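**Student:** Below is final-v4.txt; it holds compact mmCIF, C-alpha atoms.
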# COMPACT_ATOMS: atom_id res chain seq x y z
CA MET A 100 12.98 19.55 -6.30
CA PRO A 101 9.42 20.76 -5.55
CA ASP A 102 8.59 20.72 -1.88
CA GLU A 103 5.72 18.79 -0.31
CA THR A 104 3.27 21.68 -0.69
CA ILE A 105 3.67 21.32 -4.46
CA LEU A 106 4.28 17.62 -5.00
CA ARG A 107 1.54 16.16 -2.79
CA PRO A 108 -1.22 18.35 -4.32
CA LEU A 109 0.16 17.42 -7.74
CA VAL A 110 -0.34 13.74 -6.98
CA ARG A 111 -3.81 14.26 -5.52
CA ASN A 112 -4.91 16.43 -8.47
CA MET A 113 -3.60 13.80 -10.87
CA ILE A 114 -5.66 11.19 -9.08
CA ALA A 115 -8.74 13.40 -9.09
CA SER A 116 -8.53 14.14 -12.82
CA GLN A 117 -7.52 10.70 -14.07
CA LEU A 118 -8.15 8.13 -11.39
CA TYR A 119 -11.58 8.83 -9.99
CA ASN A 120 -13.18 8.92 -13.42
CA THR A 121 -12.69 5.16 -13.41
CA PRO A 122 -16.00 3.36 -12.74
CA ALA A 123 -16.18 2.06 -9.20
CA PRO A 124 -16.46 -1.69 -8.65
CA LEU A 125 -19.98 -3.11 -8.69
CA ARG A 126 -21.56 -2.65 -5.28
CA ARG A 127 -24.00 -5.02 -3.71
CA ASP A 128 -26.14 -2.89 -1.39
CA LYS A 129 -26.50 0.52 0.24
CA ARG A 130 -23.46 -0.12 2.40
CA CYS A 131 -21.36 -0.29 -0.80
CA CYS A 132 -19.75 -3.60 0.11
CA PRO A 133 -17.82 -5.13 -2.79
CA SER A 134 -18.85 -8.66 -3.73
CA ALA A 135 -15.43 -10.14 -3.04
CA LYS A 136 -14.50 -10.43 0.61
CA HIS A 137 -11.56 -8.39 1.86
CA GLN A 138 -8.84 -9.46 4.26
CA ILE A 139 -9.04 -7.35 7.42
CA LEU A 140 -6.81 -7.57 10.48
CA ILE A 141 -8.31 -6.54 13.83
CA VAL A 142 -5.83 -5.62 16.58
CA MET A 143 -7.59 -5.65 19.96
CA THR A 144 -6.97 -6.97 23.43
CA GLU A 145 -10.61 -7.32 24.50
CA ARG A 146 -12.23 -10.47 23.10
CA ILE A 147 -15.78 -9.16 23.41
CA GLU A 148 -14.93 -6.10 21.35
CA ARG A 149 -13.14 -8.22 18.76
CA ASP A 150 -16.10 -10.54 18.39
CA GLU A 151 -18.56 -7.66 18.09
CA LEU A 152 -16.46 -5.97 15.43
CA ALA A 153 -16.01 -9.23 13.54
CA GLY A 154 -19.79 -9.62 13.55
CA HIS A 155 -20.16 -6.24 11.87
CA LEU A 156 -17.67 -7.25 9.17
CA ARG A 157 -18.84 -10.81 8.59
CA ASN A 158 -20.57 -10.14 5.26
CA MET A 159 -17.80 -8.06 3.69
CA ALA A 160 -14.51 -9.48 4.97
CA ASP A 161 -12.51 -12.44 6.15
CA VAL A 162 -11.22 -11.32 9.53
CA SER A 163 -8.03 -12.28 11.36
CA PHE A 164 -7.09 -11.19 14.88
CA ALA A 165 -4.04 -9.98 16.78
CA LYS A 166 -3.89 -9.15 20.49
CA ASN A 167 -0.80 -6.94 20.32
CA ASP A 168 1.69 -5.29 17.96
CA GLN A 169 3.93 -8.34 17.68
CA GLU A 170 1.07 -10.61 16.66
CA ALA A 171 -0.05 -7.95 14.17
CA MET A 172 3.43 -7.80 12.63
CA ASN A 173 3.45 -11.59 12.30
CA ALA A 174 0.07 -11.47 10.59
CA LEU A 175 1.29 -8.85 8.13
CA GLU A 176 4.19 -11.13 7.23
CA THR A 177 2.02 -14.18 6.63
CA CYS A 178 -1.41 -12.93 5.49
CA PRO A 179 -2.55 -10.74 2.55
CA VAL A 180 -3.93 -7.99 4.82
CA GLN A 181 -5.87 -5.25 3.01
CA LEU A 182 -6.91 -3.14 6.00
CA VAL A 183 -6.03 -2.89 9.69
CA ILE A 184 -8.44 -1.91 12.46
CA SER A 185 -6.87 -1.14 15.81
CA GLY A 186 -8.69 -0.56 19.08
CA LYS A 187 -6.13 -1.52 21.69
CA SER A 188 -6.85 -0.36 25.21
CA ASP A 189 -3.31 0.98 25.72
CA GLY A 190 -3.84 3.57 22.97
CA ASP A 191 -0.29 3.22 21.60
CA ARG A 192 0.01 4.26 17.92
CA TRP A 193 3.32 2.46 17.35
CA LEU A 194 1.80 -0.12 15.00
CA CYS A 195 0.39 2.54 12.69
CA ARG A 196 3.72 4.39 12.54
CA TYR A 197 5.48 1.11 11.78
CA ILE A 198 3.08 0.24 8.93
CA LYS A 199 3.17 3.71 7.39
CA SER A 200 6.98 3.86 7.46
CA ASN A 201 7.45 0.41 5.89
CA VAL A 202 7.27 0.41 2.09
CA ARG A 203 5.88 -3.15 2.12
CA TYR A 204 2.83 -2.16 4.17
CA ALA A 205 2.43 1.61 3.82
CA HIS A 206 -0.38 1.20 1.27
CA ILE A 207 -2.57 -0.65 3.81
CA PRO A 208 -5.36 1.59 5.19
CA PHE A 209 -5.28 1.91 8.98
CA VAL A 210 -8.44 2.60 11.00
CA GLU A 211 -8.24 3.51 14.69
CA LEU A 212 -11.11 3.12 17.14
CA ILE A 213 -10.85 5.83 19.79
CA PRO A 214 -12.74 7.02 22.89
CA ARG A 215 -15.41 9.64 22.33
CA ASP A 216 -14.47 13.33 22.54
CA SER A 217 -10.71 12.82 22.86
CA PHE A 218 -8.88 15.69 21.17
CA ALA A 219 -5.43 14.47 22.23
CA ILE A 220 -5.95 11.02 20.71
CA ARG A 221 -7.29 12.51 17.48
CA LEU A 222 -4.11 14.57 17.23
CA GLN A 223 -1.98 11.47 17.87
CA CYS A 224 -3.86 9.66 15.11
CA LEU A 225 -3.09 12.42 12.62
CA GLU A 226 0.57 12.52 13.63
CA SER A 227 0.99 8.75 13.29
CA GLY A 228 -0.63 8.54 9.84
CA VAL A 229 -3.98 6.92 10.68
CA ASP A 230 -6.22 6.95 7.59
CA ALA A 231 -9.45 7.22 9.57
CA TRP A 232 -10.68 7.09 13.14
CA LEU A 233 -14.09 6.16 14.52
CA GLU A 234 -15.36 6.91 17.99
CA LYS A 235 -16.54 4.11 20.26
CA PRO A 236 -19.14 2.70 20.42
CA VAL A 237 -18.81 2.20 16.67
CA SER A 238 -21.85 2.49 14.44
CA ARG A 239 -22.03 -0.59 12.21
CA HIS A 240 -23.22 1.37 9.18
CA ILE A 241 -20.58 4.10 9.53
CA LEU A 242 -17.90 1.45 10.04
CA LEU A 243 -18.88 -0.43 6.86
CA ALA A 244 -19.14 2.76 4.80
CA GLN A 245 -15.76 4.04 6.03
CA ILE A 246 -14.02 0.73 5.31
CA ASP A 247 -15.62 0.50 1.89
CA ASN A 248 -14.48 4.01 0.97
CA LEU A 249 -10.91 3.32 2.07
CA LEU A 250 -10.66 0.01 0.22
CA VAL A 251 -12.29 1.22 -2.99
CA ASN A 252 -10.15 4.35 -3.13
CA ARG A 253 -6.98 2.43 -2.35
CA ALA A 254 -7.82 -0.12 -5.06
CA ARG A 255 -8.24 2.71 -7.56
CA VAL A 256 -4.90 4.22 -6.59
CA SER A 257 -3.17 0.87 -6.85
CA GLU A 258 -4.75 0.07 -10.21
CA HIS A 259 -3.86 3.46 -11.62
CA PHE A 260 -0.25 3.56 -10.49
CA THR A 261 0.65 -0.08 -11.12
CA TRP A 262 2.50 0.24 -14.41
CA SER A 263 0.97 3.67 -14.94
CA LYS A 264 2.40 5.07 -18.16
CA GLY A 265 4.48 1.96 -18.28
CA VAL A 266 3.70 -1.53 -19.47
CA GLU A 267 0.83 -3.90 -18.83
CA ALA A 268 1.82 -7.35 -17.65
CA SER A 269 -0.38 -8.97 -20.29
CA ASP A 270 1.46 -7.07 -23.02
CA ILE A 271 4.96 -8.09 -21.93
CA SER A 272 6.11 -11.22 -23.65
CA PRO A 273 9.06 -12.78 -25.38
CA SER A 274 7.86 -13.94 -28.80
CA GLY A 275 4.21 -13.32 -27.89
CA ARG A 276 4.07 -15.40 -24.65
CA MET A 277 4.28 -13.88 -21.20
CA ASP A 278 6.97 -15.40 -19.04
CA GLU A 279 4.82 -14.90 -15.92
CA VAL A 280 7.05 -16.76 -13.52
CA LEU A 281 10.15 -14.76 -14.39
CA TRP A 282 8.34 -11.42 -14.51
CA THR A 283 6.57 -12.03 -11.20
CA ARG A 284 9.81 -13.08 -9.52
CA LEU A 285 11.62 -10.08 -11.02
CA ASN A 286 9.03 -7.73 -9.52
CA GLN A 287 9.26 -9.48 -6.15
CA VAL A 288 13.04 -9.15 -6.01
CA ILE A 289 12.90 -5.46 -6.94
CA VAL A 290 10.25 -4.72 -4.28
CA GLN A 291 12.19 -6.69 -1.65
CA HIS A 292 15.29 -4.54 -2.32
CA LEU A 293 13.46 -1.32 -3.11
CA SER A 294 15.30 0.79 -0.53
CA ASN A 295 18.70 -0.52 -1.65
CA THR A 296 20.34 2.24 -3.67
CA ALA A 297 22.75 -0.33 -5.10
CA LEU A 298 19.92 -2.34 -6.71
CA ASP A 299 21.00 -3.09 -10.28
CA ILE A 300 21.12 -5.78 -12.96
CA ASP A 301 23.92 -7.62 -11.16
CA LEU A 302 21.93 -7.95 -7.93
CA LEU A 303 18.85 -9.07 -9.86
CA ALA A 304 20.86 -11.65 -11.78
CA ARG A 305 22.23 -13.15 -8.56
CA HIS A 306 18.79 -13.49 -6.98
CA LEU A 307 17.20 -14.87 -10.14
CA TYR A 308 20.08 -17.31 -10.74
CA MET A 309 20.69 -16.05 -14.26
CA SER A 310 23.67 -14.62 -16.05
CA ARG A 311 23.74 -10.86 -16.45
CA PRO A 312 23.53 -10.93 -20.30
CA THR A 313 20.65 -13.44 -20.25
CA LEU A 314 18.61 -11.45 -17.76
CA TYR A 315 19.25 -8.21 -19.63
CA ARG A 316 18.01 -9.81 -22.84
CA LYS A 317 14.93 -11.33 -21.18
CA ILE A 318 13.91 -8.03 -19.60
CA ALA A 319 14.30 -6.23 -22.92
CA GLU A 320 12.19 -8.88 -24.65
CA MET A 321 9.41 -8.74 -22.05
CA SER A 322 9.19 -5.00 -21.50
CA ASN A 323 11.09 -3.13 -24.22
CA MET A 324 12.91 -1.44 -21.35
CA SER A 325 16.34 -1.74 -19.83
CA PRO A 326 16.69 -3.23 -16.33
CA SER A 327 17.43 0.21 -14.86
CA GLU A 328 14.26 1.62 -16.44
CA VAL A 329 12.17 -1.21 -14.98
CA ILE A 330 13.73 -0.67 -11.54
CA THR A 331 13.05 3.08 -11.70
CA LEU A 332 9.47 2.54 -12.83
CA ILE A 333 8.71 0.20 -9.94
CA ARG A 334 10.39 2.62 -7.51
CA LEU A 335 8.20 5.46 -8.76
CA ASN A 336 5.00 3.41 -8.75
CA ASN A 337 5.55 2.55 -5.09
CA ALA A 338 6.43 6.16 -4.29
CA ALA A 339 3.27 7.39 -6.02
CA VAL A 340 1.08 5.15 -3.85
CA LEU A 341 2.82 6.45 -0.73
CA LEU A 342 2.46 10.08 -1.83
CA ALA A 343 -1.24 9.67 -2.58
CA ALA A 344 -2.00 8.78 1.04
CA PRO A 345 -1.04 10.12 4.47
CA SER A 346 2.63 9.28 4.46
CA PRO A 347 6.07 10.14 5.80
CA PRO A 348 7.82 13.27 4.45
CA ILE A 349 8.89 13.20 0.80
CA GLY A 350 12.56 12.85 1.76
CA ASP A 351 11.73 9.70 3.73
CA ILE A 352 9.67 8.30 0.87
CA ALA A 353 12.54 8.93 -1.54
CA ARG A 354 14.87 6.91 0.69
CA MET A 355 12.27 4.16 1.16
CA VAL A 356 12.12 3.56 -2.60
CA GLY A 357 15.86 3.79 -3.16
CA PHE A 358 16.62 7.35 -4.26
CA THR A 359 19.67 8.96 -2.69
CA THR A 360 18.44 12.57 -2.95
CA ARG A 361 15.15 14.44 -2.90
CA SER A 362 16.10 16.29 -6.07
CA GLY A 363 16.83 13.10 -7.97
CA PHE A 364 13.55 11.61 -6.82
CA GLY A 365 11.62 14.76 -7.74
CA LYS A 366 13.05 14.94 -11.25
CA ALA A 367 12.36 11.26 -11.93
CA PHE A 368 8.82 11.49 -10.51
CA LEU A 369 7.83 14.59 -12.48
CA LYS A 370 9.33 13.13 -15.66
CA GLN A 371 7.29 9.92 -15.24
CA TYR A 372 3.95 11.41 -14.14
Translate this file's structure into structure tokens.
**Tutor:**
Amino acid sequence: MPDETILRPLVRNMIASQLYNTPAPLRRDKRCCPSAKHQILIVMTERIERDELAGHLRNMADVSFAKNDQEAMNALETCPVQLVISGKSDGDRWLCRYIKSNVRYAHIPFVELIPRDSFAIRLQCLESGVDAWLEKPVSRHILLAQIDNLLVNRARVSEHFTWSKGVEASDISPSGRMDEVLWTRLNQVIVQHLSNTALDIDLLARHLYMSRPTLYRKIAEMSNMSPSEVITLIRLNNAAVLLAAPSPPIGDIARMVGFTTRSGFGKAFLKQY
């Protein structure tokens, strides 16, 4: 199993050679704001700061607010958050560590607003997995450019690794028609149980209320793959997104996506990508 000094550069080089040749989304002005509004969560205790920040983001994002970590966690559960900005006065980085260690949220870029000239806090940001930090008071133009870069790059990563070298959803169909409801639900169940090493066709069949033979046949018809191959592909796609960004150690990522050993994960990843 290659160690992190080999595997992470491998992922980043792969992205550089294949991913970033993809044309960027159309951009509307010099701030590079995409035309579609993003969903951004602001975690701050001070209302004045929240309102000022929301004003900066008004033209590029729909903004929701949380006063503390618990409210932020609730928002992540209920809203399609695409980026988190934290500027809490207590300076605790717990929320970032929680997001980056949770496979459901680890892909979400995290921006920290920090006091000026604070070496210790910069170090804490790096250790907790913050994607970017900006010193207060925040420049509106730098804020918009930083957010745009994070969201565009993350969208490219997601687009590239979703079914990379696998199958396109539009091409998967029994007798020429995509069973979107079943395929979507199948993906949801796999992602929900991604860290479960016992995830198999039997577990999927129970959650999808289908017999094992029927589900096996439907998956083969839709994807030309076996259930175990589909599960492995989705595990690796999620792992690739985690590896392409500041993330936990490779051993932790392997466990997060359901591999029992680093070596098994490494062999499967290198074979796929």
**Student:** Using all atoms listed in the file, pick whichever of A:Ser310, A:Ser322, A:Ser294, A:Gln223 has the shortest atom-to-atom distance to Leu335 in chain A.
**Tutor:**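 Closest candidate: A:Ser294.
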**Student:** Between CA of Ala153 in chain A and CA of Ala205 in chain A, what is the distance in Å, rounded to a tenth?
**Tutor:** 23.5 Å
**Student:** What is the CA of Gly186 in chain A-CA of Leu212 in chain A distance in Å, reported with one decimal?
**Tutor:**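 So the two atoms, CA of Gly186 in chain A and CA of Leu212 in chain A, lie 4.8 Å apart.
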**Student:** For CA of Pro348 in chain A and CA of Val180 in chain A, quote the distance in Å rounded to one decimal.
**Tutor:**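 Separating CA of Pro348 in chain A from CA of Val180 in chain A is a distance of 24.3 Å.
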**Student:** For Ile289 in chain A, find every residue with an atom within 9 Å (counting only C-alpha atoms), except residues of its own chain fewer than 3 positions away, and show them as number ranges by chain.
**Tutor:** A: 284-286, 292-293, 298, 303, 330, 333-334
**Student:** Output the selection as a short mmCIF file (atom, residue, chain, number, x, y, z; two decimals), in the coordinates of the input - C-alpha atoms for each residue.
**Tutor:**
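The new file result.cif reads:
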data_model
loop_
_atom_site.label_atom_id
_atom_site.label_comp_id
_atom_site.auth_asym_id
_atom_site.auth_seq_id
_atom_site.Cartn_x
_atom_site.Cartn_y
_atom_site.Cartn_z
CA ARG A 284 9.81 -13.08 -9.52
CA LEU A 285 11.62 -10.08 -11.02
CA ASN A 286 9.03 -7.73 -9.52
CA HIS A 292 15.29 -4.54 -2.32
CA LEU A 293 13.46 -1.32 -3.11
CA LEU A 298 19.92 -2.34 -6.71
CA LEU A 303 18.85 -9.07 -9.86
CA ILE A 330 13.73 -0.67 -11.54
CA ILE A 333 8.71 0.20 -9.94
CA ARG A 334 10.39 2.62 -7.51
#
**Student:** Taking only C-alpha atoms into account, name the residue in A:Trp282, A:Asp351, A:Ala297, A:His155 that is nearest to Leu314 in chain A.
**Tutor:**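 Nearest candidate to Leu314 in chain A out of A:Trp282, A:Asp351, A:Ala297, A:His155: A:Trp282.
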**Student:** Looking at A:Leu156, A:Ala338, A:Glu328, A:Val229, which one is nearest to Phe358 in chain A, with distances taken over only C-alpha atoms?
**Tutor:** A:Ala338
**Student:** Between A:Lys235, A:Arg305, A:Arg157, A:His206, which one has atoms that come closest to Val288 in chain A, using all atoms listed in the file?
**Tutor:**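 Under the stated criterion, the closest residue is A:Arg305.
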**Student:** Write out as a tab-separated table (two decimals) with C-alpha atoms, keeping the file's coordinate frame the residues lying within 12 Å of Asn201 in chain A, counting only C-alpha atoms and excluding same-chain residues fewer than 2 positions away.
**Tutor:**
chain	number	residue	atom	x	y	z
A	172	MET	CA	3.43	-7.80	12.63
A	175	LEU	CA	1.29	-8.85	8.13
A	194	LEU	CA	1.80	-0.12	15.00
A	195	CYS	CA	0.39	2.54	12.69
A	196	ARG	CA	3.72	4.39	12.54
A	197	TYR	CA	5.48	1.11	11.78
A	198	ILE	CA	3.08	0.24	8.93
A	199	LYS	CA	3.17	3.71	7.39
A	203	ARG	CA	5.88	-3.15	2.12
A	204	TYR	CA	2.83	-2.16	4.17
A	205	ALA	CA	2.43	1.61	3.82
A	206	HIS	CA	-0.38	1.20	1.27
A	207	ILE	CA	-2.57	-0.65	3.81
A	290	VAL	CA	10.25	-4.72	-4.28
A	291	GLN	CA	12.19	-6.69	-1.65
A	293	LEU	CA	13.46	-1.32	-3.11
A	294	SER	CA	15.30	0.79	-0.53
A	337	ASN	CA	5.55	2.55	-5.09
A	338	ALA	CA	6.43	6.16	-4.29
A	341	LEU	CA	2.82	6.45	-0.73
A	346	SER	CA	2.63	9.28	4.46
A	347	PRO	CA	6.07	10.14	5.80
A	351	ASP	CA	11.73	9.70	3.73
A	352	ILE	CA	9.67	8.30	0.87
A	354	ARG	CA	14.87	6.91	0.69
A	355	MET	CA	12.27	4.16	1.16
A	356	VAL	CA	12.12	3.56	-2.60
**Student:** Between A:Val183, A:Ala174, A:Ala165, A:Ala367, which is the closest to Ile246 in chain A once you count only C-alpha atoms?
**Tutor:**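 Nearest to Ile246 in chain A: A:Val183.
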**Student:** With N, CA, C and O atoms as the target, complete range 279-302 of chain A and hand it back as a CSV table (one decimal), in the frame of the given file.
**Tutor:**
chain,number,residue,atom,x,y,z
A,279,GLU,N,5.4,-15.4,-17.2
A,279,GLU,CA,4.8,-14.9,-15.9
A,279,GLU,C,5.7,-15.2,-14.7
A,279,GLU,O,5.8,-14.4,-13.8
A,280,VAL,N,6.3,-16.4,-14.7
A,280,VAL,CA,7.0,-16.8,-13.5
A,280,VAL,C,8.2,-15.8,-13.4
A,280,VAL,O,8.5,-15.3,-12.3
A,281,LEU,N,9.0,-15.6,-14.5
A,281,LEU,CA,10.2,-14.8,-14.4
A,281,LEU,C,9.8,-13.3,-14.1
A,281,LEU,O,10.4,-12.7,-13.2
A,282,TRP,N,8.7,-12.8,-14.7
A,282,TRP,CA,8.3,-11.4,-14.5
A,282,TRP,C,7.8,-11.2,-13.1
A,282,TRP,O,8.2,-10.2,-12.5
A,283,THR,N,7.1,-12.1,-12.6
A,283,THR,CA,6.6,-12.0,-11.2
A,283,THR,C,7.7,-12.1,-10.2
A,283,THR,O,7.8,-11.2,-9.3
A,284,ARG,N,8.7,-13.0,-10.4
A,284,ARG,CA,9.8,-13.1,-9.5
A,284,ARG,C,10.7,-11.8,-9.6
A,284,ARG,O,11.2,-11.3,-8.6
A,285,LEU,N,10.8,-11.3,-10.8
A,285,LEU,CA,11.6,-10.1,-11.0
A,285,LEU,C,11.0,-8.9,-10.2
A,285,LEU,O,11.7,-8.2,-9.5
A,286,ASN,N,9.7,-8.8,-10.3
A,286,ASN,CA,9.0,-7.7,-9.5
A,286,ASN,C,9.2,-7.9,-8.0
A,286,ASN,O,9.4,-7.0,-7.3
A,287,GLN,N,9.1,-9.2,-7.6
A,287,GLN,CA,9.3,-9.5,-6.2
A,287,GLN,C,10.7,-9.1,-5.7
A,287,GLN,O,10.8,-8.5,-4.6
A,288,VAL,N,11.7,-9.5,-6.4
A,288,VAL,CA,13.0,-9.2,-6.0
A,288,VAL,C,13.3,-7.6,-6.0
A,288,VAL,O,13.9,-7.1,-5.0
A,289,ILE,N,12.7,-6.9,-6.9
A,289,ILE,CA,12.9,-5.5,-6.9
A,289,ILE,C,12.2,-4.8,-5.7
A,289,ILE,O,12.8,-4.0,-5.0
A,290,VAL,N,11.0,-5.3,-5.4
A,290,VAL,CA,10.2,-4.7,-4.3
A,290,VAL,C,11.0,-5.1,-3.0
A,290,VAL,O,11.0,-4.2,-2.1
A,291,GLN,N,11.5,-6.3,-2.9
A,291,GLN,CA,12.2,-6.7,-1.6
A,291,GLN,C,13.4,-5.8,-1.4
A,291,GLN,O,13.8,-5.7,-0.2
A,292,HIS,N,14.1,-5.3,-2.4
A,292,HIS,CA,15.3,-4.5,-2.3
A,292,HIS,C,15.1,-3.1,-2.7
A,292,HIS,O,16.0,-2.4,-3.1
A,293,LEU,N,13.8,-2.6,-2.6
A,293,LEU,CA,13.5,-1.3,-3.1
A,293,LEU,C,14.3,-0.2,-2.5
A,293,LEU,O,14.7,0.8,-3.2
A,294,SER,N,14.6,-0.3,-1.2
A,294,SER,CA,15.3,0.8,-0.5
A,294,SER,C,16.8,0.7,-0.7
A,294,SER,O,17.5,1.6,-0.3
A,295,ASN,N,17.3,-0.3,-1.4
A,295,ASN,CA,18.7,-0.5,-1.6
A,295,ASN,C,19.1,0.3,-2.8
A,295,ASN,O,18.8,0.1,-4.0
A,296,THR,N,19.9,1.4,-2.6
A,296,THR,CA,20.3,2.2,-3.7
A,296,THR,C,21.3,1.5,-4.6
A,296,THR,O,21.5,2.0,-5.7
A,297,ALA,N,21.8,0.4,-4.2
A,297,ALA,CA,22.8,-0.3,-5.1
A,297,ALA,C,22.0,-1.4,-5.9
A,297,ALA,O,22.7,-2.2,-6.6
A,298,LEU,N,20.7,-1.4,-5.9
A,298,LEU,CA,19.9,-2.3,-6.7
A,298,LEU,C,20.2,-2.1,-8.2
A,298,LEU,O,20.0,-1.0,-8.7
A,299,ASP,N,20.7,-3.2,-8.9
A,299,ASP,CA,21.0,-3.1,-10.3
A,299,ASP,C,20.9,-4.5,-10.9
A,299,ASP,O,20.4,-5.4,-10.3
A,300,ILE,N,21.2,-4.5,-12.2
A,300,ILE,CA,21.1,-5.8,-13.0
A,300,ILE,C,21.9,-6.9,-12.3
A,300,ILE,O,21.5,-8.1,-12.4
A,301,ASP,N,23.1,-6.6,-11.8
A,301,ASP,CA,23.9,-7.6,-11.2
A,301,ASP,C,23.2,-8.3,-9.9
A,301,ASP,O,23.3,-9.5,-9.8
A,302,LEU,N,22.6,-7.4,-9.1
A,302,LEU,CA,21.9,-8.0,-7.9
A,302,LEU,C,20.7,-8.8,-8.4
A,302,LEU,O,20.5,-9.9,-7.8
